[in-house]
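Asks: This is query.cif, which holds mmCIF, C-alpha atoms and all ligand atoms:
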```cif
data_final
#
loop_
_atom_site.label_atom_id
_atom_site.label_comp_id
_atom_site.auth_asym_id
_atom_site.auth_seq_id
_atom_site.Cartn_x
_atom_site.Cartn_y
_atom_site.Cartn_z
CA MET A 1 12.84 6.19 -18.84
CA LEU A 2 9.21 7.31 -19.06
CA LEU A 3 8.39 10.81 -17.81
CA ASP A 4 4.89 12.13 -17.17
CA ARG A 5 3.70 15.68 -17.82
CA ARG A 6 5.11 16.85 -14.50
CA GLY A 7 8.52 15.27 -15.22
CA ARG A 8 7.99 12.29 -12.87
CA ALA A 9 9.66 9.03 -13.91
CA LEU A 10 7.84 5.71 -13.79
CA THR A 11 9.99 3.67 -11.44
CA THR A 12 7.56 1.84 -9.12
CA LEU A 13 4.65 -0.51 -9.81
CA ARG A 14 2.15 -1.39 -7.07
CA LEU A 15 0.79 -4.70 -8.18
CA SER A 16 -2.45 -5.80 -6.55
CA VAL A 17 -2.89 -9.56 -6.91
CA THR A 18 -6.30 -9.90 -5.25
CA ASP A 19 -9.06 -7.70 -3.87
CA ARG A 20 -9.98 -10.27 -1.18
CA CYS A 21 -8.93 -9.80 2.41
CA ASN A 22 -9.05 -11.79 5.64
CA LEU A 23 -9.32 -8.62 7.77
CA ARG A 24 -11.84 -5.77 7.66
CA CYS A 25 -9.86 -2.73 8.83
CA THR A 26 -12.40 0.00 9.47
CA TYR A 27 -10.33 2.60 7.57
CA CYS A 28 -10.22 0.37 4.48
CA MET A 29 -13.06 -2.22 4.41
CA PRO A 30 -15.71 -1.03 6.86
CA GLU A 31 -18.73 -2.59 5.13
CA ALA A 32 -20.38 -5.97 5.74
CA HIS A 33 -20.62 -6.85 2.03
CA TYR A 34 -18.45 -6.25 -1.00
CA THR A 35 -18.71 -6.84 -4.73
CA TRP A 36 -15.62 -8.86 -5.57
CA LEU A 37 -13.74 -8.74 -8.84
CA GLU A 38 -14.67 -11.68 -11.04
CA LYS A 39 -12.11 -14.52 -10.89
CA PRO A 40 -11.73 -14.95 -14.69
CA HIS A 41 -10.92 -11.24 -14.87
CA LEU A 42 -7.88 -11.51 -12.58
CA LEU A 43 -4.63 -11.26 -14.47
CA SER A 44 -2.77 -14.58 -14.58
CA PHE A 45 0.79 -14.92 -13.26
CA GLU A 46 1.99 -15.04 -16.87
CA GLU A 47 0.19 -11.78 -17.68
CA LEU A 48 1.56 -10.08 -14.55
CA ALA A 49 5.11 -11.24 -15.29
CA ARG A 50 4.80 -10.01 -18.87
CA VAL A 51 3.75 -6.52 -17.74
CA VAL A 52 6.65 -6.34 -15.28
CA ARG A 53 9.13 -7.57 -17.92
CA LEU A 54 7.96 -4.90 -20.39
CA LEU A 55 8.02 -2.12 -17.80
CA ARG A 56 11.50 -3.15 -16.68
CA VAL A 57 12.77 -2.35 -20.18
CA GLN A 58 11.21 1.11 -19.78
CA GLY A 59 13.02 1.83 -16.50
CA LEU A 60 10.94 0.16 -13.79
CA GLU A 61 13.02 -0.37 -10.64
CA LYS A 62 10.62 -1.54 -8.00
CA VAL A 63 7.57 -3.81 -7.78
CA ARG A 64 5.47 -3.94 -4.63
CA ILE A 65 3.00 -6.83 -4.44
CA THR A 66 -0.13 -5.88 -2.54
CA GLY A 67 -3.90 -6.45 -2.34
CA GLY A 68 -6.39 -6.97 -0.65
CA GLU A 69 -4.31 -9.42 1.25
CA PRO A 70 -1.76 -10.71 -1.28
CA LEU A 71 -1.31 -14.04 0.54
CA LEU A 72 -4.90 -14.95 -0.30
CA ARG A 73 -3.74 -15.36 -3.91
CA GLN A 74 -2.94 -19.05 -4.39
CA GLU A 75 0.71 -19.98 -5.01
CA LEU A 76 2.03 -16.47 -4.44
CA PRO A 77 5.68 -17.64 -4.04
CA LYS A 78 5.46 -18.92 -7.61
CA LEU A 79 4.56 -15.42 -8.83
CA VAL A 80 7.40 -13.95 -6.75
CA GLY A 81 9.81 -16.34 -8.48
CA MET A 82 8.50 -15.29 -11.90
CA LEU A 83 8.79 -11.59 -11.09
CA ALA A 84 12.27 -12.04 -9.65
CA GLN A 85 13.36 -13.34 -13.06
CA SER A 86 12.35 -10.06 -14.73
CA GLY A 87 15.49 -8.53 -13.21
CA VAL A 88 13.61 -5.74 -11.46
CA PRO A 89 16.10 -4.58 -8.78
CA GLN A 90 13.65 -4.31 -5.87
CA LEU A 91 10.89 -6.82 -5.23
CA ALA A 92 8.69 -5.99 -2.24
CA MET A 93 5.39 -6.99 -0.68
CA THR A 94 2.93 -5.47 1.79
CA SER A 95 0.90 -7.92 3.88
CA ASN A 96 -1.33 -7.81 6.93
CA GLY A 97 0.75 -10.69 8.32
CA VAL A 98 -2.10 -13.08 9.18
CA LEU A 99 -0.89 -15.82 6.80
CA LEU A 100 2.74 -14.85 6.70
CA GLU A 101 4.09 -17.36 9.18
CA LYS A 102 3.09 -20.10 6.76
CA HIS A 103 4.55 -18.51 3.63
CA ALA A 104 7.43 -16.23 4.67
CA VAL A 105 10.24 -18.74 4.11
CA ALA A 106 8.93 -19.73 0.66
CA LEU A 107 8.56 -16.07 -0.32
CA ARG A 108 12.12 -15.27 0.78
CA GLU A 109 13.50 -18.28 -1.08
CA ALA A 110 11.54 -17.31 -4.20
CA GLY A 111 13.33 -13.95 -4.29
CA LEU A 112 11.25 -11.53 -2.23
CA GLN A 113 13.73 -9.00 -0.84
CA ARG A 114 11.58 -6.47 0.98
CA LEU A 115 8.65 -6.95 3.26
CA THR A 116 6.27 -4.55 4.94
CA VAL A 117 3.80 -5.84 7.50
CA SER A 118 0.86 -3.70 8.58
CA LEU A 119 0.39 -3.52 12.35
CA ASP A 120 -1.72 -0.81 13.96
CA THR A 121 -1.83 -1.98 17.57
CA LEU A 122 -0.35 -4.42 20.08
CA ARG A 123 -3.57 -4.63 22.08
CA PRO A 124 -5.84 -7.57 21.23
CA GLU A 125 -9.07 -5.67 21.94
CA VAL A 126 -8.03 -2.71 19.79
CA PHE A 127 -6.96 -5.06 17.00
CA SER A 128 -10.31 -6.86 17.07
CA ARG A 129 -12.20 -3.57 16.96
CA LEU A 130 -10.04 -2.04 14.21
CA ALA A 131 -9.60 -5.08 11.98
CA GLN A 132 -12.98 -6.63 12.87
CA ARG A 133 -11.21 -10.00 13.23
CA SER A 134 -9.25 -11.40 16.20
CA GLU A 135 -5.98 -12.28 14.49
CA LEU A 136 -3.35 -10.31 16.41
CA ASP A 137 -1.57 -13.45 17.69
CA LYS A 138 -0.99 -14.72 14.16
CA VAL A 139 0.37 -11.34 13.02
CA LEU A 140 2.77 -11.19 15.98
CA SER A 141 4.01 -14.76 15.36
CA SER A 142 4.61 -13.88 11.71
CA LEU A 143 6.55 -10.76 12.65
CA ARG A 144 8.82 -12.71 15.00
CA LEU A 145 9.54 -15.27 12.30
CA VAL A 146 10.16 -12.66 9.61
CA SER A 147 12.63 -10.76 11.81
CA GLY A 148 14.94 -13.78 11.61
CA LEU A 149 14.77 -14.21 7.84
CA ALA A 150 17.21 -11.44 6.87
CA PHE A 151 15.00 -9.55 4.46
CA GLU A 152 16.98 -6.68 2.90
CA ASP A 153 14.28 -4.33 4.10
CA PHE A 154 11.73 -5.07 6.82
CA LYS A 155 9.14 -2.48 7.77
CA ILE A 156 6.03 -2.14 9.88
CA ASP A 157 3.27 0.18 8.64
CA THR A 158 0.88 1.71 11.15
CA VAL A 159 -2.15 3.81 10.20
CA VAL A 160 -2.72 6.23 13.06
CA VAL A 161 -6.37 6.95 13.81
CA ARG A 162 -7.48 9.44 16.46
CA GLY A 163 -9.13 7.77 19.44
CA VAL A 164 -7.93 4.32 18.35
CA ASN A 165 -4.15 3.94 18.53
CA GLU A 166 -2.46 7.33 18.89
CA GLU A 167 -1.59 6.53 22.50
CA GLU A 168 0.36 3.45 21.39
CA LEU A 169 3.03 5.01 19.20
CA LEU A 170 5.85 4.63 21.70
CA GLU A 171 5.06 0.98 22.40
CA LEU A 172 4.97 0.31 18.66
CA VAL A 173 8.33 2.04 18.13
CA ARG A 174 9.85 -0.07 20.88
CA PHE A 175 8.35 -3.27 19.48
CA ALA A 176 9.64 -2.50 15.96
CA GLY A 177 13.08 -1.80 17.38
CA GLN A 178 13.16 -5.18 19.13
CA LEU A 179 12.34 -6.89 15.82
CA GLY A 180 14.88 -4.89 13.81
CA ALA A 181 12.10 -3.39 11.68
CA GLU A 182 11.66 0.25 10.66
CA ILE A 183 8.23 1.52 11.64
CA ARG A 184 6.31 4.01 9.52
CA PHE A 185 3.33 5.95 10.82
CA ILE A 186 0.73 6.70 8.13
CA GLU A 187 -1.79 9.52 8.30
CA TYR A 188 -5.33 8.24 7.88
CA MET A 189 -6.39 9.00 4.28
CA ASP A 190 -9.84 9.71 2.86
CA VAL A 191 -9.56 7.15 0.05
CA GLY A 192 -11.64 4.10 -0.82
CA GLY A 193 -13.70 2.59 1.94
CA ALA A 194 -12.88 5.33 4.42
CA THR A 195 -16.31 6.88 3.91
CA ARG A 196 -16.52 7.70 7.61
CA TRP A 197 -13.26 9.63 7.35
CA GLU A 198 -13.28 13.10 8.82
CA PRO A 199 -10.40 15.55 9.35
CA GLY A 200 -10.60 15.15 13.14
CA LEU A 201 -9.62 11.46 12.85
CA VAL A 202 -6.28 12.30 11.23
CA VAL A 203 -3.29 12.38 13.56
CA SER A 204 -0.91 14.69 11.72
CA GLN A 205 2.81 14.26 11.12
CA GLU A 206 3.40 17.18 13.51
CA GLU A 207 1.48 15.51 16.29
CA ILE A 208 3.14 12.15 15.67
CA LEU A 209 6.58 13.77 15.87
CA GLU A 210 5.61 15.73 18.95
CA ARG A 211 4.62 12.53 20.70
CA LEU A 212 7.92 10.88 19.71
CA ARG A 213 9.99 13.91 20.73
CA SER A 214 8.38 14.06 24.14
CA SER A 215 9.70 10.60 24.86
CA TYR A 216 12.87 10.33 22.79
CA GLY A 217 14.09 13.94 23.12
CA SER A 218 14.48 14.57 19.39
CA ALA A 219 13.32 13.45 15.94
CA GLN A 220 15.79 14.72 13.35
CA PRO A 221 14.76 14.55 9.66
CA LEU A 222 17.12 12.42 7.57
CA PRO A 223 18.15 13.47 4.03
CA GLY A 224 17.82 11.40 0.85
CA ARG A 225 14.08 10.81 0.74
CA GLY A 226 13.85 10.69 -3.09
CA SER A 227 10.45 9.45 -4.23
CA ALA A 228 9.77 7.47 -1.03
CA PRO A 229 6.39 8.21 0.54
CA ALA A 230 7.84 8.34 4.05
CA GLU A 231 9.97 11.09 5.47
CA ARG A 232 12.45 9.46 7.88
CA PHE A 233 13.45 10.74 11.28
CA GLN A 234 16.15 9.68 13.71
CA LEU A 235 15.03 9.57 17.31
CA GLY A 236 17.14 10.52 20.29
CA ASN A 237 18.02 6.83 20.91
CA GLY A 238 19.26 6.38 17.32
CA GLN A 239 16.23 4.45 16.09
CA VAL A 240 14.80 5.54 12.71
CA VAL A 241 11.07 5.93 12.07
CA GLY A 242 9.14 7.08 9.00
CA VAL A 243 6.03 9.21 8.66
CA VAL A 244 3.81 9.05 5.58
CA ALA A 245 2.03 12.40 5.68
CA SER A 246 -0.21 11.96 2.64
CA VAL A 247 -2.90 14.21 4.12
CA THR A 248 -0.97 17.11 5.64
CA HIS A 249 2.17 17.04 3.41
CA PRO A 250 1.29 15.25 0.16
CA PHE A 251 4.29 14.05 -1.85
CA CYS A 252 2.60 14.02 -5.29
CA ALA A 253 5.43 16.09 -6.81
CA ASP A 254 7.78 13.11 -6.40
CA CYS A 255 5.30 10.27 -6.94
CA ASP A 256 6.81 7.63 -9.24
CA ARG A 257 4.07 5.00 -8.82
CA LEU A 258 1.86 3.26 -11.32
CA ARG A 259 -0.85 0.96 -9.91
CA LEU A 260 -2.35 -2.18 -11.38
CA THR A 261 -5.54 -3.66 -9.96
CA ALA A 262 -5.85 -7.43 -9.81
CA ASP A 263 -8.21 -7.33 -12.80
CA GLY A 264 -5.82 -5.33 -14.94
CA GLN A 265 -6.83 -1.67 -14.58
CA LEU A 266 -3.84 0.65 -14.66
CA LEU A 267 -4.25 3.66 -12.35
CA LEU A 268 -2.14 6.80 -12.28
CA CYS A 269 -3.06 7.84 -8.74
CA LEU A 270 -4.58 6.42 -5.56
CA TYR A 271 -7.34 9.01 -6.05
CA ALA A 272 -7.88 8.28 -9.79
CA ARG A 273 -11.51 7.74 -10.78
CA THR A 274 -10.71 5.78 -13.95
CA GLY A 275 -7.76 4.02 -15.51
CA LEU A 276 -6.55 2.13 -18.57
CA ASP A 277 -8.01 -1.31 -19.26
CA LEU A 278 -4.74 -3.18 -19.66
CA ARG A 279 -6.45 -6.57 -19.42
CA GLU A 280 -8.37 -5.83 -22.58
CA ILE A 281 -5.15 -4.86 -24.35
CA LEU A 282 -3.27 -7.94 -23.09
CA ARG A 283 -6.08 -10.31 -24.04
CA SER A 284 -6.64 -8.74 -27.49
CA GLY A 285 -3.45 -10.43 -28.69
CA ALA A 286 -1.38 -7.21 -28.73
CA GLY A 287 2.36 -7.76 -29.21
CA ASP A 288 5.01 -6.60 -26.73
CA GLU A 289 5.69 -3.40 -28.65
CA GLU A 290 2.05 -2.36 -28.68
CA VAL A 291 1.53 -3.17 -24.98
CA SER A 292 4.65 -1.16 -24.05
CA GLN A 293 3.55 1.73 -26.21
CA ARG A 294 0.05 1.89 -24.71
CA ILE A 295 1.42 1.87 -21.14
CA GLY A 296 4.05 4.46 -22.07
CA GLU A 297 1.47 6.81 -23.62
CA PHE A 298 -0.74 6.40 -20.56
CA TRP A 299 2.06 7.36 -18.17
CA MET A 300 3.31 10.23 -20.35
CA GLY A 301 -0.17 11.79 -20.28
CA ARG A 302 -0.24 11.72 -16.47
CA GLN A 303 -0.94 14.96 -14.63
CA ASP A 304 -2.51 13.49 -11.48
CA GLN A 305 -1.69 14.89 -8.07
CA GLY A 306 -4.71 13.60 -6.20
CA ALA A 307 -3.54 14.15 -2.62
CA VAL A 308 -2.49 17.74 -3.38
CA ASP A 309 -5.87 18.41 -5.04
CA ARG A 310 -7.64 17.06 -1.95
CA THR A 311 -5.94 19.68 0.26
CA ARG A 312 -7.80 22.36 -1.73
CA VAL A 313 -11.23 20.96 -0.88
CA SER A 314 -12.85 23.22 1.71
CA GLN A 315 -15.32 20.90 3.50
CA ARG A 316 -13.32 17.69 3.24
CA SER A 317 -15.03 14.37 3.98
CA GLY A 318 -14.86 10.83 2.48
CA TYR A 319 -13.60 11.10 -1.14
CA VAL A 320 -16.07 8.68 -2.72
CA SER A 321 -19.61 8.07 -1.49
CA LEU A 322 -20.77 4.62 -0.41
CA GLU A 323 -23.12 4.46 -3.42
CA GLU A 324 -20.25 5.15 -5.83
CA LEU A 325 -18.05 2.56 -4.12
CA ARG A 326 -20.82 -0.05 -4.39
CA ALA A 327 -21.21 0.72 -8.09
CA ASP A 328 -17.48 0.46 -8.83
CA PRO A 329 -15.31 -1.83 -6.68
CA ARG A 330 -12.20 -0.50 -8.38
CA LEU A 331 -12.57 2.72 -6.41
CA GLU A 332 -11.92 0.76 -3.21
CA MET A 333 -8.60 0.99 -1.39
CA HIS A 334 -8.42 -2.81 -1.05
CA THR A 335 -8.82 -3.12 -4.82
CA ARG A 336 -6.21 -0.54 -5.76
CA GLY A 337 -3.55 -1.76 -3.36
CA GLY A 338 -3.26 1.00 -0.75
N1 LIG A 401 -3.71 -6.09 3.12
C1 LIG A 401 -2.37 -5.64 3.08
C2 LIG A 401 -2.04 -4.79 4.28
O1 LIG A 401 -2.95 -4.32 4.96
O2 LIG A 401 -0.85 -4.62 4.53
C3 LIG A 401 -2.00 -4.89 1.80
C4 LIG A 401 -3.05 -3.99 1.21
S1 LIG A 401 -3.48 -2.58 2.21
C5 LIG A 401 -4.71 -1.80 1.21
C6 LIG A 401 -2.03 -1.58 1.98
C7 LIG A 401 -1.81 -0.49 3.01
O3 LIG A 401 -2.82 0.49 2.87
C8 LIG A 401 -1.84 -0.97 4.45
O4 LIG A 401 -0.65 -0.64 5.10
C9 LIG A 401 -3.00 -0.20 5.03
O5 LIG A 401 -2.80 0.08 6.38
C10 LIG A 401 -3.06 1.03 4.16
N2 LIG A 401 -4.35 1.71 4.19
C11 LIG A 401 -5.56 1.17 3.93
N3 LIG A 401 -6.54 2.10 4.07
C12 LIG A 401 -5.92 3.27 4.44
C13 LIG A 401 -6.37 4.60 4.75
N4 LIG A 401 -7.66 4.91 4.70
N5 LIG A 401 -5.44 5.52 5.07
C14 LIG A 401 -4.13 5.20 5.11
N6 LIG A 401 -3.64 3.98 4.82
C15 LIG A 401 -4.52 3.02 4.51
FE1 LIG A 402 -7.31 -5.84 4.39
FE2 LIG A 402 -5.09 -4.44 4.23
FE3 LIG A 402 -7.45 -3.26 3.85
FE4 LIG A 402 -6.80 -4.07 6.31
S1 LIG A 402 -5.73 -2.50 5.09
S2 LIG A 402 -8.76 -4.44 5.26
S3 LIG A 402 -5.62 -5.89 5.88
S4 LIG A 402 -6.55 -4.78 2.56
#
```
Could the structure of this file be written out as structure tokens, please?

Replies:
Amino acid sequence: MLLDRRGRALTTLRLSVTDRCNLRCTYCMPEAHYTWLEKPHLLSFEELARVVRLLRVQGLEKVRITGGEPLLRQELPKLVGMLAQSGVPQLAMTSNGVLLEKHAVALREAGLQRLTVSLDTLRPEVFSRLAQRSELDKVLSSLRLVSGLAFEDFKIDTVVVRGVNEEELLELVRFAGQLGAEIRFIEYMDVGGATRWEPGLVVSQEEILERLRSSYGSAQPLPGRGSAPAERFQLGNGQVVGVVASVTHPFCADCDRLRLTADGQLLLCLYARTGLDLREILRSGAGDEEVSQRIGEFWMGRQDQGAVDRTRVSQRSGYVSLEELRADPRLEMHTRGG
């Protein structure tokens, strides 16, 4: 098991397979134009499977496939099959759901066990404004299909933004309950493209719970969180919801996540400015031992606690300026996998 300088074990890999997306959520990709990663620079399925195999030997327990929108990567079920063979106990994916209806069965059959679908609203006009594309119907059809596919874990992730969807929390809880999914409310973070972020747009964990309590009577915290980003609460009707309070209650002390961008940059934190160029190492002809050693050294030198550091900033606004984001696409949320 690899431990970093704060004693945190490397157990989860967030694997971004593309930086492209078919939505333009205003908290993630608000701009009209983006500089995309170059196609030849994307890690191949073989390279991705090799990294996962080597990390598995060093204690990796969970891989979450993400993006951009991961389903824009051609033949994704094939990659899922290759990763499933690495023996990593938990194989998960986060998707915006637009293309999921077409691919969900193949993904399940290929060995995907856990699925999270992002859904911020049930109202078509709010969806179109927030995602800058009118695709709500497709997302809802995908969710209905997925609910019948017996994934071991099925979640809905909702970013709550003041003035956009905070009035919809109860409807979303009800909808998730009907589908048999666990819903998680995420505080709006100041990372990546969220250059228009301001503290007033964040709906805090306290406010989210207050809204739930006023309707469900109670929201009791559940034990056993471990390194999970969400704290889970049981509502008065028995339904369980999660809250990811990265802004008001950062969980850096328990963060077990390493990130890999689609072009092979390893990142130690969602807020990291730079990373390790793993693609260069992989394509230099390095053997398994050397690749494992370089990743291990990188993790063991980790001190990052980006979300905690952000709470100490007095006049907090967007983390990275638009100019910096334009100069380095790897600073973008859709490039580093959310
Ligand atoms: N495209 C896929 C999706 O949306 O599910 C996967 C990638 S997306 C970057 C991963 C997650 O990051 C999504 O659940 C999204 O809502 C979340 N996210 C993006 N920008 C965010 C922000 N500024 N604050 C909080 N969560 C954010
Ligand atoms: Fe695309 Fe996901 Fe970012 Fe929305 S949150 S723009 S769906 S990558």

Asks: Pick out the residues no farther than 6 Å from ligand LIG 402 (chain A), counting all atoms listed in the file, and list them as a PyMOL selection string.

Replies: chain A and resi 21+23-25+28-29+67-69+96+334

Asks: For ligand LIG 401 (chain A), list the contacting residues at 6 Å or closer, counting only C-alpha atoms and all ligand atoms, as a list in words.

Replies: Tyr27, Cys28, Thr66, Gly67, Gly68, Glu69, Thr94, Ser95, Asn96, Val117, Ser118, Asp157, Val159, Ile186, Glu187, Tyr188, Met189, Asp190, Val191, Ala194, Met333, His334, Gly337 and Gly338 of chain A

Asks: Between A:Arg312, A:Arg213, A:Arg50, A:Arg294, which is the closest to Leu79 in chain A once you count all atoms listed in the file?

Replies: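 Ranking A:Arg312, A:Arg213, A:Arg50, A:Arg294 by distance to Leu79 in chain A, first place goes to A:Arg50.
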
Asks: Need to verify the contact set: Pro250 in chain A, 10 Å, only C-alpha atoms, exclusion of same-chain residues closer than 3 positions in sequence. Can you return it as a list in words?

Replies: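 In the requested format, the answer is Pro229, Val244, Ala245, Ser246, Val247, Ala253, Asp254, Cys255, Gln305, Gly306, Ala307, Val308, Asp309, Arg310 and Thr311 of chain A.
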
Asks: Please write the residues from the selection above to a file, keeping C-alpha atoms, as a short mmCIF file (atom, residue, chain, number, x, y, z; two decimals), in the coordinates of the input.

Replies:
```
data_model
loop_
_atom_site.label_atom_id
_atom_site.label_comp_id
_atom_site.auth_asym_id
_atom_site.auth_seq_id
_atom_site.Cartn_x
_atom_site.Cartn_y
_atom_site.Cartn_z
CA PRO A 229 6.39 8.21 0.54
CA VAL A 244 3.81 9.05 5.58
CA ALA A 245 2.03 12.40 5.68
CA SER A 246 -0.21 11.96 2.64
CA VAL A 247 -2.90 14.21 4.12
CA ALA A 253 5.43 16.09 -6.81
CA ASP A 254 7.78 13.11 -6.40
CA CYS A 255 5.30 10.27 -6.94
CA GLN A 305 -1.69 14.89 -8.07
CA GLY A 306 -4.71 13.60 -6.20
CA ALA A 307 -3.54 14.15 -2.62
CA VAL A 308 -2.49 17.74 -3.38
CA ASP A 309 -5.87 18.41 -5.04
CA ARG A 310 -7.64 17.06 -1.95
CA THR A 311 -5.94 19.68 0.26
#
```

Asks: Using Å and a single decimal, report how far CA of Glu101 in chain A sits from CA of Val51 in chain A.

Replies: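 Separating CA of Val51 in chain A from CA of Glu101 in chain A is a distance of 29.0 Å.
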
Asks: What is the CA of Gly285 in chain A-CA of Gln85 in chain A distance in Å, reported with one decimal?

Replies: 23.1 Å
